[in-house]
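File shown: protein_33.cif. Contents: mmCIF, C-alpha atoms.
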data_entry
#
loop_
_atom_site.group_PDB
_atom_site.id
_atom_site.type_symbol
_atom_site.label_atom_id
_atom_site.label_comp_id
_atom_site.auth_asym_id
_atom_site.auth_seq_id
_atom_site.Cartn_x
_atom_site.Cartn_y
_atom_site.Cartn_z
ATOM 1 C CA MET N 1 -3.318 11.369 -6.653
ATOM 2 C CA ILE N 2 -1.619 8.532 -8.524
ATOM 3 C CA ASN N 3 1.301 7.071 -6.584
ATOM 4 C CA VAL N 4 3.707 4.203 -6.994
ATOM 5 C CA PHE N 5 5.762 2.241 -4.501
ATOM 6 C CA TYR N 6 9.268 3.680 -4.306
ATOM 7 C CA GLU N 7 10.599 0.103 -4.318
ATOM 8 C CA HIS N 8 9.308 -0.269 -7.877
ATOM 9 C CA ILE N 9 11.283 2.774 -8.986
ATOM 10 C CA ALA N 10 14.433 1.587 -7.202
ATOM 11 C CA GLU N 11 14.173 -1.908 -8.693
ATOM 12 C CA GLY N 12 13.144 -0.553 -12.087
ATOM 13 C CA CYS N 13 16.238 1.647 -12.198
ATOM 14 C CA ILE N 14 18.401 -1.440 -11.677
ATOM 15 C CA GLN N 15 16.475 -3.301 -14.382
ATOM 16 C CA ARG N 16 17.044 -0.494 -16.891
ATOM 17 C CA GLY N 17 20.463 0.674 -15.736
ATOM 18 C CA ILE N 18 19.386 4.256 -15.025
ATOM 19 C CA THR N 19 19.795 6.577 -12.044
ATOM 20 C CA VAL N 20 17.146 7.108 -9.396
ATOM 21 C CA GLU N 21 16.726 10.678 -10.616
ATOM 22 C CA GLU N 22 16.051 9.402 -14.135
ATOM 23 C CA GLY N 23 13.632 6.853 -12.719
ATOM 24 C CA LEU N 24 11.714 9.486 -10.778
ATOM 25 C CA ARG N 25 11.439 11.679 -13.858
ATOM 26 C CA THR N 26 10.265 8.717 -15.921
ATOM 27 C CA ALA N 27 7.536 7.875 -13.417
ATOM 28 C CA ARG N 28 6.547 11.535 -13.275
ATOM 29 C CA SER N 29 6.180 11.571 -17.071
ATOM 30 C CA TYR N 30 3.555 8.825 -16.719
ATOM 31 C CA GLY N 31 1.426 11.114 -14.545
ATOM 32 C CA ILE N 32 2.590 9.623 -11.243
ATOM 33 C CA GLU N 33 3.053 12.319 -8.627
ATOM 34 C CA GLY N 34 3.357 10.490 -5.305
ATOM 35 C CA LEU N 35 5.261 7.706 -3.611
ATOM 36 C CA GLU N 36 4.530 5.039 -1.057
ATOM 37 C CA CYS N 37 7.763 4.426 0.855
ATOM 38 C CA ASP N 38 9.200 1.907 3.283
ATOM 39 C CA LEU N 39 10.448 3.728 6.384
ATOM 40 C CA TRP N 40 14.030 2.516 5.965
ATOM 41 C CA ARG N 41 14.239 4.179 2.544
ATOM 42 C CA LEU N 42 13.677 7.593 4.125
ATOM 43 C CA THR N 43 16.280 7.534 6.894
ATOM 44 C CA ASP N 44 18.691 9.614 4.788
ATOM 45 C CA ARG N 45 16.632 12.787 4.688
ATOM 46 C CA ILE N 46 18.603 14.235 1.815
ATOM 47 C CA LEU N 47 16.258 12.118 -0.305
ATOM 48 C CA LYS N 48 13.571 14.765 0.213
ATOM 49 C CA THR N 49 15.574 17.223 -1.870
ATOM 50 C CA VAL N 50 15.934 14.621 -4.619
ATOM 51 C CA LEU N 51 12.202 13.941 -4.591
ATOM 52 C CA ASP N 52 11.301 17.645 -4.523
ATOM 53 C CA ASP N 53 13.664 18.371 -7.405
ATOM 54 C CA ASN N 54 11.982 15.683 -9.498
ATOM 55 C CA GLY N 55 8.378 16.626 -8.746
ATOM 56 C CA MET N 56 7.572 13.745 -6.396
ATOM 57 C CA GLN N 57 6.097 13.741 -2.908
ATOM 58 C CA VAL N 58 5.770 11.047 -0.260
ATOM 59 C CA ARG N 59 2.104 10.261 0.326
ATOM 60 C CA SER N 60 2.372 7.329 2.727
ATOM 61 C CA VAL N 61 5.097 5.636 4.773
ATOM 62 C CA TYR N 62 4.875 1.993 5.806
ATOM 63 C CA HIS N 63 6.627 -0.062 8.467
ATOM 64 C CA MET N 64 6.318 -3.524 9.979
ATOM 65 C CA PHE N 65 6.024 -3.617 13.761
ATOM 66 C CA ASP N 66 7.376 -7.082 14.460
ATOM 67 C CA THR N 67 6.854 -7.353 18.213
ATOM 68 C CA LYS N 68 5.228 -10.446 19.661
ATOM 69 C CA GLY N 69 3.967 -10.463 23.216
ATOM 70 C CA GLU N 70 6.249 -7.748 24.568
ATOM 71 C CA PRO N 71 4.603 -4.763 26.282
ATOM 72 C CA VAL N 72 3.077 -2.476 23.663
ATOM 73 C CA ASP N 73 5.323 0.324 24.932
ATOM 74 C CA THR N 74 8.270 -1.417 23.250
ATOM 75 C CA ILE N 75 7.126 -0.029 19.885
ATOM 76 C CA LYS N 76 7.635 3.594 20.955
ATOM 77 C CA GLY N 77 11.055 4.010 19.359
ATOM 78 C CA ASP N 78 9.960 2.679 15.973
ATOM 79 C CA LEU N 79 6.674 4.553 16.196
ATOM 80 C CA LEU N 80 8.318 7.916 16.860
ATOM 81 C CA SER N 81 10.739 7.295 13.996
ATOM 82 C CA LEU N 82 7.836 6.477 11.670
ATOM 83 C CA LEU N 83 5.741 9.490 12.637
ATOM 84 C CA ASP N 84 8.644 11.940 12.687
ATOM 85 C CA THR N 85 9.783 10.749 9.273
ATOM 86 C CA ALA N 86 6.295 10.887 7.777
ATOM 87 C CA ALA N 87 5.847 14.414 9.121
ATOM 88 C CA PHE N 88 9.240 15.512 7.744
ATOM 89 C CA TYR N 89 8.371 14.263 4.262
ATOM 90 C CA GLY N 90 4.852 15.691 4.402
ATOM 91 C CA ALA N 91 2.997 12.359 4.335
ATOM 92 C CA ASP N 92 -0.363 12.412 6.093
ATOM 93 C CA LYS N 93 -0.796 8.625 6.254
ATOM 94 C CA VAL N 94 1.219 5.736 7.681
ATOM 95 C CA LEU N 95 0.580 2.096 6.880
ATOM 96 C CA ILE N 96 1.065 -0.166 9.869
ATOM 97 C CA VAL N 97 2.074 -3.740 9.036
ATOM 98 C CA PRO N 98 1.662 -6.013 12.077
ATOM 99 C CA GLY N 99 4.334 -8.691 12.307
ATOM 100 C CA LEU N 100 3.684 -12.228 11.150
ATOM 101 C CA ASP N 101 2.327 -14.619 13.769
ATOM 102 C CA MET N 102 1.273 -11.671 15.918
ATOM 103 C CA ASP N 103 -1.676 -12.382 18.192
ATOM 104 C CA ARG N 104 -4.776 -10.609 16.902
ATOM 105 C CA GLU N 105 -5.726 -9.165 20.280
ATOM 106 C CA TYR N 106 -2.200 -7.862 20.785
ATOM 107 C CA ALA N 107 -2.295 -6.339 17.300
ATOM 108 C CA ALA N 108 -5.529 -4.532 18.163
ATOM 109 C CA ARG N 109 -4.014 -3.028 21.313
ATOM 110 C CA MET N 110 -0.881 -2.003 19.421
ATOM 111 C CA LEU N 111 -2.903 -0.357 16.665
ATOM 112 C CA SER N 112 -4.958 1.618 19.187
ATOM 113 C CA VAL N 113 -1.751 3.012 20.690
ATOM 114 C CA ILE N 114 -0.390 3.866 17.248
ATOM 115 C CA CYS N 115 -3.611 5.623 16.203
ATOM 116 C CA ALA N 116 -3.569 7.825 19.303
ATOM 117 C CA SER N 117 0.033 8.878 18.686
ATOM 118 C CA ALA N 118 -0.532 9.435 14.958
ATOM 119 C CA GLU N 119 -3.497 11.709 15.636
ATOM 120 C CA GLY N 120 -1.188 13.968 17.620
ATOM 121 C CA TYR N 121 0.828 14.465 14.415
ATOM 122 C CA GLY N 122 -2.245 14.980 12.247
ATOM 123 C CA ILE N 123 -1.436 11.676 10.549
ATOM 124 C CA LYS N 124 -3.857 8.847 9.744
ATOM 125 C CA ALA N 125 -2.759 5.340 10.706
ATOM 126 C CA MET N 126 -4.091 2.502 8.571
ATOM 127 C CA ILE N 127 -3.800 -1.217 7.891
ATOM 128 C CA GLU N 128 -4.217 -3.172 4.676
ATOM 129 C CA ASP N 129 -5.365 -6.649 3.750
ATOM 130 C CA TYR N 130 -1.935 -8.292 3.893
ATOM 131 C CA ASP N 131 -1.191 -11.275 1.658
ATOM 132 C CA ASP N 132 0.306 -13.715 4.126
ATOM 133 C CA ILE N 133 -1.770 -16.249 6.020
ATOM 134 C CA ARG N 134 0.401 -15.669 9.093
ATOM 135 C CA SER N 135 -0.615 -11.989 9.255
ATOM 136 C CA PRO N 136 -3.261 -10.871 11.771
ATOM 137 C CA CYS N 137 -4.837 -8.764 9.008
ATOM 138 C CA CYS N 138 -4.984 -11.250 6.138
ATOM 139 C CA ARG N 139 -8.639 -12.326 6.013
ATOM 140 C CA SER N 140 -11.755 -10.160 6.089
ATOM 141 C CA ASP N 141 -12.769 -11.333 9.544
ATOM 142 C CA ASP N 142 -9.332 -10.399 10.905
ATOM 143 C CA ILE N 143 -9.558 -6.931 9.381
ATOM 144 C CA ALA N 144 -13.062 -6.432 10.772
ATOM 145 C CA TYR N 145 -11.832 -7.444 14.227
ATOM 146 C CA LEU N 146 -9.005 -4.888 14.148
ATOM 147 C CA LEU N 147 -11.083 -2.049 12.702
ATOM 148 C CA GLU N 148 -13.793 -2.597 15.300
ATOM 149 C CA ARG N 149 -11.307 -2.382 18.170
ATOM 150 C CA ALA N 150 -9.430 0.629 16.809
ATOM 151 C CA PRO N 151 -12.227 3.015 15.723
ATOM 152 C CA SER N 152 -9.897 5.706 14.363
ATOM 153 C CA LEU N 153 -7.877 3.225 12.290
ATOM 154 C CA GLY N 154 -8.172 3.636 8.543
ATOM 155 C CA PHE N 155 -8.228 0.888 5.923
ATOM 156 C CA ALA N 156 -5.934 0.804 2.886
ATOM 157 C CA PHE N 157 -7.905 -1.366 0.476
ATOM 158 C CA ASP N 158 -5.526 -3.558 -1.544
ATOM 159 C CA THR N 159 -7.443 -4.693 -4.625
ATOM 160 C CA GLY N 160 -5.310 -7.801 -5.197
ATOM 161 C CA ASN N 161 -4.667 -9.217 -1.747
ATOM 162 C CA PHE N 162 -8.066 -10.722 -1.011
ATOM 163 C CA ALA N 163 -7.451 -13.071 -3.948
ATOM 164 C CA TYR N 164 -4.485 -14.495 -2.040
ATOM 165 C CA CYS N 165 -6.753 -15.895 0.681
ATOM 166 C CA GLY N 166 -9.518 -16.932 -1.724
ATOM 167 C CA GLU N 167 -11.908 -14.075 -0.924
ATOM 168 C CA ASP N 168 -13.903 -11.971 -3.365
ATOM 169 C CA GLU N 169 -12.500 -8.435 -3.498
ATOM 170 C CA LEU N 170 -15.908 -6.960 -4.415
ATOM 171 C CA VAL N 171 -17.557 -8.525 -1.381
ATOM 172 C CA ALA N 172 -14.702 -7.268 0.793
ATOM 173 C CA PHE N 173 -15.058 -3.800 -0.698
ATOM 174 C CA GLY N 174 -18.711 -3.682 0.313
ATOM 175 C CA ARG N 175 -17.834 -4.783 3.812
ATOM 176 C CA PHE N 176 -15.179 -2.136 4.407
ATOM 177 C CA SER N 177 -16.101 0.714 2.062
ATOM 178 C CA ASP N 178 -16.860 3.109 4.922
ATOM 179 C CA ARG N 179 -13.331 2.728 6.359
ATOM 180 C CA ILE N 180 -11.297 3.076 3.133
ATOM 181 C CA VAL N 181 -8.852 5.987 3.277
ATOM 182 C CA HIS N 182 -6.278 4.757 0.749
ATOM 183 C CA VAL N 183 -6.191 2.322 -2.166
ATOM 184 C CA HIS N 184 -3.452 -0.026 -3.376
ATOM 185 C CA LEU N 185 -4.141 -0.863 -7.003
ATOM 186 C CA LYS N 186 -2.801 -4.370 -7.511
ATOM 187 C CA ASP N 187 -3.842 -6.776 -10.234
ATOM 188 C CA ARG N 188 -3.059 -10.503 -10.454
ATOM 189 C CA SER N 189 -2.415 -12.694 -13.493
ATOM 190 C CA ARG N 190 -2.292 -16.427 -14.201
ATOM 191 C CA ILE N 191 0.235 -15.793 -16.988
ATOM 192 C CA PRO N 192 3.804 -16.488 -15.786
ATOM 193 C CA SER N 193 5.876 -13.293 -15.708
ATOM 194 C CA GLY N 194 8.240 -12.107 -12.990
ATOM 195 C CA ASP N 195 8.092 -13.572 -9.484
ATOM 196 C CA PRO N 196 4.940 -15.499 -8.519
ATOM 197 C CA LYS N 197 2.995 -15.375 -5.277
ATOM 198 C CA THR N 198 1.399 -18.645 -4.214
ATOM 199 C CA ASP N 199 -2.098 -18.256 -2.806
ATOM 200 C CA VAL N 200 -3.591 -20.298 0.057
ATOM 201 C CA SER N 201 -4.950 -22.871 -2.409
ATOM 202 C CA GLY N 202 -1.482 -23.500 -3.817
ATOM 203 C CA ARG N 203 -2.001 -21.695 -7.134
ATOM 204 C CA ASP N 204 0.535 -19.174 -8.401
ATOM 205 C CA MET N 205 -0.394 -15.563 -9.123
ATOM 206 C CA TRP N 206 1.923 -13.337 -11.134
ATOM 207 C CA PRO N 207 2.324 -9.544 -11.067
ATOM 208 C CA CYS N 208 0.957 -7.514 -13.947
ATOM 209 C CA ALA N 209 -0.069 -4.000 -14.840
ATOM 210 C CA VAL N 210 -3.324 -2.735 -13.369
ATOM 211 C CA GLY N 211 -6.130 -3.809 -15.680
ATOM 212 C CA ASP N 212 -4.227 -6.667 -17.307
ATOM 213 C CA GLY N 213 -5.239 -9.370 -14.808
ATOM 214 C CA TYR N 214 -8.325 -10.974 -13.321
ATOM 215 C CA ILE N 215 -8.974 -8.636 -10.370
ATOM 216 C CA HIS N 216 -12.157 -6.546 -10.742
ATOM 217 C CA ILE N 217 -10.266 -3.254 -10.961
ATOM 218 C CA ARG N 218 -12.741 -1.350 -13.134
ATOM 219 C CA GLU N 219 -15.677 -2.350 -10.971
ATOM 220 C CA ILE N 220 -13.814 -1.199 -7.869
ATOM 221 C CA LEU N 221 -12.938 2.125 -9.491
ATOM 222 C CA GLY N 222 -16.613 2.583 -10.340
ATOM 223 C CA LYS N 223 -17.689 1.852 -6.780
ATOM 224 C CA LEU N 224 -15.094 4.265 -5.395
ATOM 225 C CA SER N 225 -16.281 6.951 -7.785
ATOM 226 C CA SER N 226 -19.901 6.446 -6.749
ATOM 227 C CA LEU N 227 -18.839 6.867 -3.115
ATOM 228 C CA GLY N 228 -17.079 10.130 -3.948
ATOM 229 C CA TYR N 229 -13.632 8.785 -3.068
ATOM 230 C CA LYS N 230 -10.992 11.516 -3.486
ATOM 231 C CA GLY N 231 -8.012 9.782 -1.911
ATOM 232 C CA ASP N 232 -4.812 8.263 -3.219
ATOM 233 C CA PHE N 233 -4.283 5.371 -5.598
ATOM 234 C CA SER N 234 -0.942 3.587 -5.225
ATOM 235 C CA ILE N 235 0.102 1.370 -8.133
ATOM 236 C CA GLU N 236 1.610 -1.882 -6.856
ATOM 237 C CA HIS N 237 3.302 -4.743 -8.710
ATOM 238 C CA PHE N 238 5.980 -6.300 -6.528
ATOM 239 C CA GLY N 239 7.883 -9.031 -8.377
ATOM 240 C CA SER N 240 7.546 -7.402 -11.803
ATOM 241 C CA ASN N 241 10.285 -8.125 -14.334
ATOM 242 C CA ASP N 242 9.713 -4.711 -15.956
ATOM 243 C CA HIS N 243 8.605 -2.194 -13.353
ATOM 244 C CA PHE N 244 8.555 0.856 -15.604
ATOM 245 C CA LEU N 245 6.458 -0.883 -18.252
ATOM 246 C CA HIS N 246 3.944 -1.953 -15.612
ATOM 247 C CA MET N 247 4.003 1.538 -14.096
ATOM 248 C CA GLN N 248 3.224 3.151 -17.432
ATOM 249 C CA ARG N 249 0.456 0.716 -18.364
ATOM 250 C CA SER N 250 -1.081 1.001 -14.890
ATOM 251 C CA ALA N 251 -1.047 4.798 -14.892
ATOM 252 C CA ASP N 252 -2.569 4.879 -18.380
ATOM 253 C CA MET N 253 -5.310 2.483 -17.349
ATOM 254 C CA LEU N 254 -6.075 4.455 -14.203
ATOM 255 C CA VAL N 255 -6.261 7.820 -15.971
ATOM 256 C CA HIS N 256 -8.405 6.493 -18.816
ATOM 257 C CA GLY N 257 -10.465 4.296 -16.533
ATOM 258 C CA LYS N 258 -11.372 7.219 -14.300
ATOM 259 C CA GLU N 259 -12.263 9.320 -17.331
ATOM 260 C CA GLN N 260 -14.768 6.665 -18.403
ATOM 261 C CA LEU N 261 -16.532 6.474 -15.024
#

Show the structure stored in the file as structure tokens.
Amino acid sequence: MINVFYEHIAEGCIQRGITVEEGLRTARSYGIEGLECDLWRLTDRILKTVLDDNGMQVRSVYHMFDTKGEPVDTIKGDLLSLLDTAAFYGADKVLIVPGLDMDREYAARMLSVICASAEGYGIKAMIEDYDDIRSPCCRSDDIAYLLERAPSLGFAFDTGNFAYCGEDELVAFGRFSDRIVHVHLKDRSRIPSGDPKTDVSGRDMWPCAVGDGYIHIREILGKLSSLGYKGDFSIEHFGSNDHFLHMQRSADMLVHGKEQL
């Protein structure tokens, strides 16, 4: 299923001066059927009716667990809120974002606890390659460490985040292909547009539509197809100055790109 981050719809509605309902219908007209949502966006559960009425469903819910050194049990309140909310909205995956500067060993223990609880809900817990050098899951070696110590943890492969830390996304794909349960489709551009992200080398990367940048998107789609991947693709372009344009171009590229594989 093709998804988009709900934040892009919310910000895009402000950019275009339209209602959220109009934004949801616009995204749906592009062939986007699902949403990736921050937990805080879903606390008012009346939103489910709005999403249902506009043909959208929540596919994944994400949340940052920003504990550092406290007993792992301190996450229980946030964890129950995340899992209960995901279950209410019908999402079968949750993306766990470990807090910045979190010790890697602590993160591994926390993720093991989260995975066990999520399994009780029939929900898959996962991490992504996170584009901040202070994150315990930024580099490939960090991700491998966490996946090894939490065997039931899934991996949400973000196509554009390995570029942040100077790693080759195709090499990373080969390393983690057997743990991928979700895909964030993010491209990067060297052409200034919107809000930049500075990589570890000090160079700026700008958001763009999927397929318009220098990330090997088509090659990754081909590799996923050859592996028989049937999971979700979530379009991502935080910092865009025209979210709906990037949404439309990304969805078009994904539909046509998959047809050509």

Item to check | Proximity to Ser140 of chain N - best of N:Tyr62, N:Tyr6, N:Phe157, N:Phe88, only C-alpha atoms | outcome: N:Phe157

Next on the checklist: Evaluate the PyMOL selection byres ((chain N and resi 97) around 9) against this structure - the residues, as a ChimeraX atom specification, please.
Outcome noted: /N:62-66,95-96,98-100,126-128,130,135,137

Serialized selection, C-alpha atoms, as a PDB file, in the frame of the given file:
ATOM      1  CA  TYR N  62       4.875   1.993   5.806  1.00  0.00           C
ATOM      2  CA  HIS N  63       6.627  -0.062   8.467  1.00  0.00           C
ATOM      3  CA  MET N  64       6.318  -3.524   9.979  1.00  0.00           C
ATOM      4  CA  PHE N  65       6.024  -3.617  13.761  1.00  0.00           C
ATOM      5  CA  ASP N  66       7.376  -7.082  14.460  1.00  0.00           C
ATOM      6  CA  LEU N  95       0.580   2.096   6.880  1.00  0.00           C
ATOM      7  CA  ILE N  96       1.065  -0.166   9.869  1.00  0.00           C
ATOM      8  CA  PRO N  98       1.662  -6.013  12.077  1.00  0.00           C
ATOM      9  CA  GLY N  99       4.334  -8.691  12.307  1.00  0.00           C
ATOM     10  CA  LEU N 100       3.684 -12.228  11.150  1.00  0.00           C
ATOM     11  CA  MET N 126      -4.091   2.502   8.571  1.00  0.00           C
ATOM     12  CA  ILE N 127      -3.800  -1.217   7.891  1.00  0.00           C
ATOM     13  CA  GLU N 128      -4.217  -3.172   4.676  1.00  0.00           C
ATOM     14  CA  TYR N 130      -1.935  -8.292   3.893  1.00  0.00           C
ATOM     15  CA  SER N 135      -0.615 -11.989   9.255  1.00  0.00           C
ATOM     16  CA  CYS N 137      -4.837  -8.764   9.008  1.00  0.00           C
TER      17      CYS N 137
END

Item to check | Residue members of the PyMOL selection byres ((chain N and resi 200-206) around 9) in the file shown, as a list of chain:residue names | outcome: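 Evaluating the PyMOL selection byres ((chain N and resi 200-206) around 9) on this file yields N:Asp132, N:Ile133, N:Tyr164, N:Cys165, N:Gly166, N:Asp187, N:Arg188, N:Ser189, N:Arg190, N:Ile191, N:Pro192, N:Ser193, N:Gly194, N:Asp195, N:Pro196, N:Lys197, N:Thr198, N:Asp199, N:Pro207, N:Cys208, N:Gly213, N:Gly239, N:Ser240.
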
Checklist entry - Counting only C-alpha atoms, what is within 6 Å of segment 50-58 of chain N, bar same-chain residues fewer than 4 positions away, as a list in words? => result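 The contact residues come out as Arg25, Glu33, Gly34, Leu35 and Ala91 of chain N.
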
Next on the checklist: Could you list, as a PyMOL selection string, every residue matched by the PyMOL selection byres ((chain N and resi 102-104) around 9) in this structure?
Outcome noted: chain N and resi 66-69+98-101+105-109+134-137+142+145-146

Item to check | Option closest in space to Leu245 of chain N, from N:His216, N:Arg149, N:Arg16, N:Lys223 [counting only C-alpha atoms] | outcome: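 Selected residue with least distance to Leu245 of chain N: N:Arg16.
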
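The spacing separating atom CA of Glu148 of chain N from atom CA of Phe173 of chain N amounts to 16.1 Å.
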
Taking all atoms of segment 145-149 of chain N that appear in the file, build a box with edges along x, y and z, extend it by 8 Å on every side, and state its centre and edge lengths in Å to one decimal, as AutoDock Vina command-line options.
--center_x -11.4 --center_y -4.7 --center_z 15.4 --size_x 20.8 --size_y 21.4 --size_z 21.5

Checklist entry - Which distance in Å separates atom CA of Gly122 of chain N and atom CA of Asp84 of chain N, to one decimal? => result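 So the two atoms, atom CA of Gly122 of chain N and atom CA of Asp84 of chain N, lie 11.3 Å apart.
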
Will you model N, CA and C atoms for segment 42-65 of chain N and pass it back as a PDB file, in the coordinates of the input?
ATOM      1  N   LEU N  42      13.744   6.154   3.878  1.00  0.00           N
ATOM      2  CA  LEU N  42      13.677   7.593   4.125  1.00  0.00           C
ATOM      3  C   LEU N  42      14.596   8.060   5.248  1.00  0.00           C
ATOM      4  N   THR N  43      15.432   7.156   5.762  1.00  0.00           N
ATOM      5  CA  THR N  43      16.280   7.534   6.894  1.00  0.00           C
ATOM      6  C   THR N  43      17.313   8.594   6.505  1.00  0.00           C
ATOM      7  N   ASP N  44      17.800   8.561   5.273  1.00  0.00           N
ATOM      8  CA  ASP N  44      18.691   9.614   4.788  1.00  0.00           C
ATOM      9  C   ASP N  44      17.815  10.734   4.240  1.00  0.00           C
ATOM     10  N   ARG N  45      17.638  11.777   5.034  1.00  0.00           N
ATOM     11  CA  ARG N  45      16.632  12.787   4.688  1.00  0.00           C
ATOM     12  C   ARG N  45      17.026  13.692   3.534  1.00  0.00           C
ATOM     13  N   ILE N  46      18.223  13.500   3.020  1.00  0.00           N
ATOM     14  CA  ILE N  46      18.603  14.235   1.815  1.00  0.00           C
ATOM     15  C   ILE N  46      17.744  13.793   0.634  1.00  0.00           C
ATOM     16  N   LEU N  47      17.125  12.613   0.766  1.00  0.00           N
ATOM     17  CA  LEU N  47      16.258  12.118  -0.305  1.00  0.00           C
ATOM     18  C   LEU N  47      15.110  13.087  -0.580  1.00  0.00           C
ATOM     19  N   LYS N  48      14.679  13.831   0.435  1.00  0.00           N
ATOM     20  CA  LYS N  48      13.571  14.765   0.213  1.00  0.00           C
ATOM     21  C   LYS N  48      13.918  15.791  -0.859  1.00  0.00           C
ATOM     22  N   THR N  49      15.148  16.267  -0.847  1.00  0.00           N
ATOM     23  CA  THR N  49      15.574  17.223  -1.870  1.00  0.00           C
ATOM     24  C   THR N  49      15.528  16.588  -3.255  1.00  0.00           C
ATOM     25  N   VAL N  50      15.959  15.347  -3.345  1.00  0.00           N
ATOM     26  CA  VAL N  50      15.934  14.621  -4.619  1.00  0.00           C
ATOM     27  C   VAL N  50      14.496  14.482  -5.110  1.00  0.00           C
ATOM     28  N   LEU N  51      13.597  14.100  -4.209  1.00  0.00           N
ATOM     29  CA  LEU N  51      12.202  13.941  -4.591  1.00  0.00           C
ATOM     30  C   LEU N  51      11.588  15.283  -4.997  1.00  0.00           C
ATOM     31  N   ASP N  52      11.837  16.314  -4.205  1.00  0.00           N
ATOM     32  CA  ASP N  52      11.301  17.645  -4.523  1.00  0.00           C
ATOM     33  C   ASP N  52      11.800  18.123  -5.881  1.00  0.00           C
ATOM     34  N   ASP N  53      13.076  17.909  -6.143  1.00  0.00           N
ATOM     35  CA  ASP N  53      13.664  18.371  -7.405  1.00  0.00           C
ATOM     36  C   ASP N  53      13.093  17.646  -8.616  1.00  0.00           C
ATOM     37  N   ASN N  54      12.518  16.469  -8.382  1.00  0.00           N
ATOM     38  CA  ASN N  54      11.982  15.683  -9.498  1.00  0.00           C
ATOM     39  C   ASN N  54      10.456  15.579  -9.463  1.00  0.00           C
ATOM     40  N   GLY N  55       9.826  16.502  -8.717  1.00  0.00           N
ATOM     41  CA  GLY N  55       8.378  16.626  -8.746  1.00  0.00           C
ATOM     42  C   GLY N  55       7.612  15.499  -8.095  1.00  0.00           C
ATOM     43  N   MET N  56       8.232  14.857  -7.085  1.00  0.00           N
ATOM     44  CA  MET N  56       7.572  13.745  -6.396  1.00  0.00           C
ATOM     45  C   MET N  56       7.391  14.069  -4.921  1.00  0.00           C
ATOM     46  N   GLN N  57       6.323  13.552  -4.334  1.00  0.00           N
ATOM     47  CA  GLN N  57       6.097  13.741  -2.908  1.00  0.00           C
ATOM     48  C   GLN N  57       5.736  12.409  -2.256  1.00  0.00           C
ATOM     49  N   VAL N  58       6.106  12.252  -1.018  1.00  0.00           N
ATOM     50  CA  VAL N  58       5.770  11.047  -0.260  1.00  0.00           C
ATOM     51  C   VAL N  58       4.344  11.185   0.245  1.00  0.00           C
ATOM     52  N   ARG N  59       3.503  10.213  -0.079  1.00  0.00           N
ATOM     53  CA  ARG N  59       2.104  10.261   0.326  1.00  0.00           C
ATOM     54  C   ARG N  59       1.798   9.352   1.511  1.00  0.00           C
ATOM     55  N   SER N  60       2.584   8.267   1.628  1.00  0.00           N
ATOM     56  CA  SER N  60       2.372   7.329   2.727  1.00  0.00           C
ATOM     57  C   SER N  60       3.689   6.637   3.034  1.00  0.00           C
ATOM     58  N   VAL N  61       3.894   6.345   4.322  1.00  0.00           N
ATOM     59  CA  VAL N  61       5.097   5.636   4.773  1.00  0.00           C
ATOM     60  C   VAL N  61       4.639   4.368   5.489  1.00  0.00           C
ATOM     61  N   TYR N  62       5.283   3.248   5.171  1.00  0.00           N
ATOM     62  CA  TYR N  62       4.875   1.993   5.806  1.00  0.00           C
ATOM     63  C   TYR N  62       6.019   1.370   6.592  1.00  0.00           C
ATOM     64  N   HIS N  63       5.622   0.577   7.602  1.00  0.00           N
ATOM     65  CA  HIS N  63       6.627  -0.062   8.467  1.00  0.00           C
ATOM     66  C   HIS N  63       5.997  -1.263   9.156  1.00  0.00           C
ATOM     67  N   MET N  64       6.781  -2.340   9.255  1.00  0.00           N
ATOM     68  CA  MET N  64       6.318  -3.524   9.979  1.00  0.00           C
ATOM     69  C   MET N  64       6.735  -3.425  11.441  1.00  0.00           C
ATOM     70  N   PHE N  65       5.761  -3.573  12.324  1.00  0.00           N
ATOM     71  CA  PHE N  65       6.024  -3.617  13.761  1.00  0.00           C
ATOM     72  C   PHE N  65       6.033  -5.092  14.170  1.00  0.00           C
TER      73      PHE N  65
END
